[in-house]
file input13.txt (compact mmCIF, C-alpha atoms and all ligand atoms)
# COMPACT_ATOMS: atom_id res chain seq x y z
CA MET A 1 -14.66 7.06 4.69
CA ALA A 2 -16.55 9.00 2.03
CA ASP A 3 -13.76 11.46 1.35
CA CYS A 4 -10.83 9.05 1.21
CA LEU A 5 -9.08 8.38 -2.11
CA PHE A 6 -8.08 4.83 -1.24
CA CYS A 7 -11.54 4.00 0.15
CA LYS A 8 -12.83 5.11 -3.27
CA ILE A 9 -10.33 2.77 -4.94
CA VAL A 10 -11.57 -0.04 -2.67
CA SER A 11 -15.20 0.67 -3.61
CA GLY A 12 -14.33 0.92 -7.32
CA ASP A 13 -15.44 4.57 -7.58
CA ILE A 14 -11.87 5.36 -8.65
CA PRO A 15 -10.24 2.83 -11.01
CA SER A 16 -6.94 1.15 -10.19
CA GLN A 17 -4.60 -1.41 -11.68
CA LYS A 18 -5.20 -4.21 -9.20
CA VAL A 19 -2.52 -6.85 -8.72
CA TYR A 20 -4.10 -8.67 -5.75
CA GLU A 21 -7.41 -8.62 -3.91
CA ASP A 22 -9.08 -10.62 -1.18
CA GLU A 23 -11.79 -9.88 1.38
CA THR A 24 -9.71 -7.54 3.48
CA VAL A 25 -6.66 -6.44 1.47
CA LEU A 26 -6.13 -4.80 -1.92
CA ALA A 27 -2.89 -4.23 -3.84
CA PHE A 28 -2.63 -1.99 -6.90
CA ARG A 29 0.00 -0.20 -8.94
CA ASP A 30 1.09 3.26 -7.81
CA ILE A 31 0.00 5.91 -10.31
CA ASN A 32 3.39 7.65 -10.04
CA PRO A 33 5.92 4.83 -9.79
CA GLN A 34 9.23 5.52 -8.04
CA ALA A 35 10.79 2.20 -9.09
CA PRO A 36 10.28 -0.26 -11.99
CA VAL A 37 7.78 -2.06 -9.74
CA HIS A 38 5.80 0.13 -7.33
CA ILE A 39 2.77 -1.45 -5.71
CA LEU A 40 0.60 -0.17 -2.87
CA VAL A 41 -0.84 -2.69 -0.41
CA ILE A 42 -3.76 -1.44 1.69
CA PRO A 43 -6.27 -2.82 4.15
CA LYS A 44 -9.75 -2.33 2.71
CA ALA A 45 -10.90 -0.95 6.04
CA HIS A 46 -10.01 2.68 6.62
CA ILE A 47 -7.05 2.93 9.01
CA GLU A 48 -5.49 6.36 8.83
CA SER A 49 -1.83 5.47 9.17
CA ALA A 50 0.74 3.27 10.92
CA ALA A 51 0.16 5.47 13.97
CA CYS A 52 -3.41 4.15 14.20
CA VAL A 53 -2.61 0.44 14.49
CA THR A 54 -4.21 -1.08 17.61
CA PRO A 55 -4.89 -4.57 18.98
CA ASP A 56 -8.29 -4.32 17.25
CA ASN A 57 -6.87 -3.89 13.74
CA SER A 58 -3.34 -5.31 13.90
CA ALA A 59 -4.41 -8.65 12.38
CA LEU A 60 -5.27 -6.72 9.23
CA VAL A 61 -1.80 -5.22 9.17
CA ALA A 62 -0.29 -8.68 9.62
CA HIS A 63 -2.36 -9.86 6.66
CA CYS A 64 -1.04 -6.96 4.58
CA PHE A 65 2.45 -8.31 5.27
CA GLU A 66 1.44 -11.83 4.20
CA VAL A 67 0.31 -10.29 0.90
CA ILE A 68 3.55 -8.30 0.67
CA ALA A 69 5.54 -11.53 1.12
CA GLN A 70 3.55 -13.23 -1.64
CA LEU A 71 3.92 -10.32 -4.08
CA GLY A 72 7.60 -10.00 -3.18
CA LYS A 73 8.27 -13.52 -4.44
CA GLU A 74 8.03 -12.10 -7.96
CA LEU A 75 10.71 -9.50 -7.22
CA GLU A 76 14.03 -11.14 -7.80
CA GLY A 77 16.82 -9.52 -5.80
CA GLY A 78 14.54 -8.20 -3.09
CA PHE A 79 12.35 -5.19 -2.51
CA ARG A 80 11.66 -2.35 -0.10
CA VAL A 81 8.53 -1.81 2.01
CA VAL A 82 7.76 1.75 3.12
CA SER A 83 4.86 3.33 4.98
CA ASN A 84 4.88 7.10 5.33
CA CYS A 85 3.13 8.23 8.48
CA GLY A 86 2.05 11.81 8.95
CA PRO A 87 3.18 15.11 7.39
CA ASN A 88 6.87 14.92 8.33
CA ALA A 89 7.12 11.63 6.45
CA GLY A 90 5.25 13.04 3.47
CA GLN A 91 2.10 10.94 3.80
CA THR A 92 -0.25 12.30 1.15
CA VAL A 93 -3.10 9.80 1.39
CA PRO A 94 -4.41 9.33 4.94
CA HIS A 95 -5.33 5.65 4.49
CA LEU A 96 -2.70 3.17 5.68
CA HIS A 97 -0.66 1.86 2.76
CA PHE A 98 2.56 -0.02 2.26
CA HIS A 99 4.69 0.84 -0.75
CA ILE A 100 6.46 -2.14 -2.31
CA LEU A 101 9.37 -0.93 -4.41
CA GLY A 102 11.51 -3.23 -6.50
CA GLY A 103 12.47 -4.44 -9.92
CA ALA A 104 15.96 -2.91 -9.81
CA PRO A 105 18.62 -1.93 -7.28
CA LEU A 106 17.16 0.95 -5.25
CA SER A 107 18.89 4.07 -4.01
CA LEU A 108 19.28 4.21 -0.24
CA GLU A 109 17.14 7.35 -0.21
CA MET A 110 13.41 6.67 -0.26
CA ALA A 111 11.43 8.90 -2.55
P1 LIG B 201 2.13 8.55 0.36
O1 LIG B 201 2.75 9.81 -0.24
O2 LIG B 201 3.11 7.70 1.11
O3 LIG B 201 0.89 8.90 1.15
O4 LIG B 201 1.72 7.65 -0.87
C1 LIG B 201 0.57 7.87 -1.61
C2 LIG B 201 0.82 7.24 -2.94
O5 LIG B 201 -0.41 7.12 -3.60
C3 LIG B 201 1.75 8.05 -3.86
O6 LIG B 201 2.89 7.25 -4.20
C4 LIG B 201 0.86 8.33 -5.08
O7 LIG B 201 1.58 8.26 -6.31
C5 LIG B 201 -0.17 7.23 -4.98
N1 LIG B 201 -1.45 7.53 -5.61
C6 LIG B 201 -2.19 8.67 -5.53
N2 LIG B 201 -3.33 8.54 -6.22
C7 LIG B 201 -3.33 7.30 -6.76
C8 LIG B 201 -4.24 6.57 -7.59
N3 LIG B 201 -5.40 7.10 -8.01
N4 LIG B 201 -3.90 5.32 -7.96
C9 LIG B 201 -2.74 4.78 -7.56
N5 LIG B 201 -1.84 5.40 -6.76
C10 LIG B 201 -2.13 6.65 -6.37
ZN ZN B 202 -9.76 5.27 3.44

call {"tool": "encode", "arguments": {"input": "input13.txt", "output": "structure tokens", "more": "lines below"}}
Ligand code: AMP
Ligand code: ZN
result
Amino acid sequence: MADCLFCKIVSGDIPSQKVYEDETVLAFRDINPQAPVHILVIPKAHIESAACVTPDNSALVAHCFEVIAQLGKELEGGFRVVSNCGPNAGQTVPHLHFHILGGAPLSLEMA
């Protein structure tokens, strides 16, 4: 998707602080962290949101969660995974992403 911020991060047109990458998934640090550790995990393929997961792309989503589990091993005490979907949830980037938040006890409200 030419106009998508996260597709541009995938292509390298926009720089990011990568923490993990393989053929289909990328993880990088959120530019505006809401917790001591705030990582975004995305499929490299453009899927608009959690509302657009289908049998054709759900394996990619499962792989995102394998990556989340691996990255979460570094987060002693646990972590939170959040995916905002659509305007009511405050999704600002229309490319499916999972926020990993951790590094300290988190408030029960999600920023
Ligand atoms: P959401 O509001 O759930 O759509 O999350 C989008 C996230 O992307 C926000 O937490 C932003 O801080 C983050 N973000 C926006 N631009 C960048 C960027 N260039 N690099 C890293 N994170 C970004
Ligand atoms: Zn995209």

call {"tool": "closest_atom_pairs", "arguments": {"input": "input13.txt", "of": "chain A", "to": "ligand ZN 202 (chain B)", "cutoff": "12 Å", "atoms": "all atoms listed in the file", "output": "tab-separated table"}}
result
residue	atom	partner	partner_atom	distance
A:Met1	CA	B:ZN202	ZN	5.4
A:Ala2	CA	B:ZN202	ZN	7.9
A:Asp3	CA	B:ZN202	ZN	7.7
A:Cys4	CA	B:ZN202	ZN	4.5
A:Leu5	CA	B:ZN202	ZN	6.4
A:Phe6	CA	B:ZN202	ZN	5.0
A:Cys7	CA	B:ZN202	ZN	4.0
A:Lys8	CA	B:ZN202	ZN	7.4
A:Ile9	CA	B:ZN202	ZN	8.8
A:Val10	CA	B:ZN202	ZN	8.3
A:Ser11	CA	B:ZN202	ZN	10.0
A:Leu26	CA	B:ZN202	ZN	12.0
A:Ile42	CA	B:ZN202	ZN	9.2
A:Pro43	CA	B:ZN202	ZN	8.8
A:Lys44	CA	B:ZN202	ZN	7.6
A:Ala45	CA	B:ZN202	ZN	6.8
A:His46	CA	B:ZN202	ZN	4.1
A:Ile47	CA	B:ZN202	ZN	6.6
A:Glu48	CA	B:ZN202	ZN	7.0
A:Ser49	CA	B:ZN202	ZN	9.8
A:Val93	CA	B:ZN202	ZN	8.3
A:Pro94	CA	B:ZN202	ZN	6.9
A:His95	CA	B:ZN202	ZN	4.6
A:Leu96	CA	B:ZN202	ZN	7.7
A:His97	CA	B:ZN202	ZN	9.7

call {"tool": "residues_near_ligand", "arguments": {"input": "input13.txt", "ligand": "ligand LIG 201 (chain B)", "cutoff": "8 Å", "atoms": "all atoms listed in the file", "output": "number ranges by chain"}}
result
A: 5-6, 9, 14-17, 28-34, 40, 82-85, 89-95, 97-99

call {"tool": "closest_residue", "arguments": {"input": "input13.txt", "among": "A:Val19, A:Ala27, A:Cys52, A:Leu101", "to": "A:Gly78", "atoms": "all atoms listed in the file"}}
result
A:Leu101

call {"tool": "atom_distance", "arguments": {"input": "input13.txt", "atom1": "atom CA of A:Asp56", "atom2": "atom CA of A:Thr24"}}
result
14.2 Å

call {"tool": "closest_residue", "arguments": {"input": "input13.txt", "among": "A:Gly77, A:Tyr20, A:Ala50, A:Ile100", "to": "A:His38", "atoms": "only C-alpha atoms"}}
result
A:Ile100
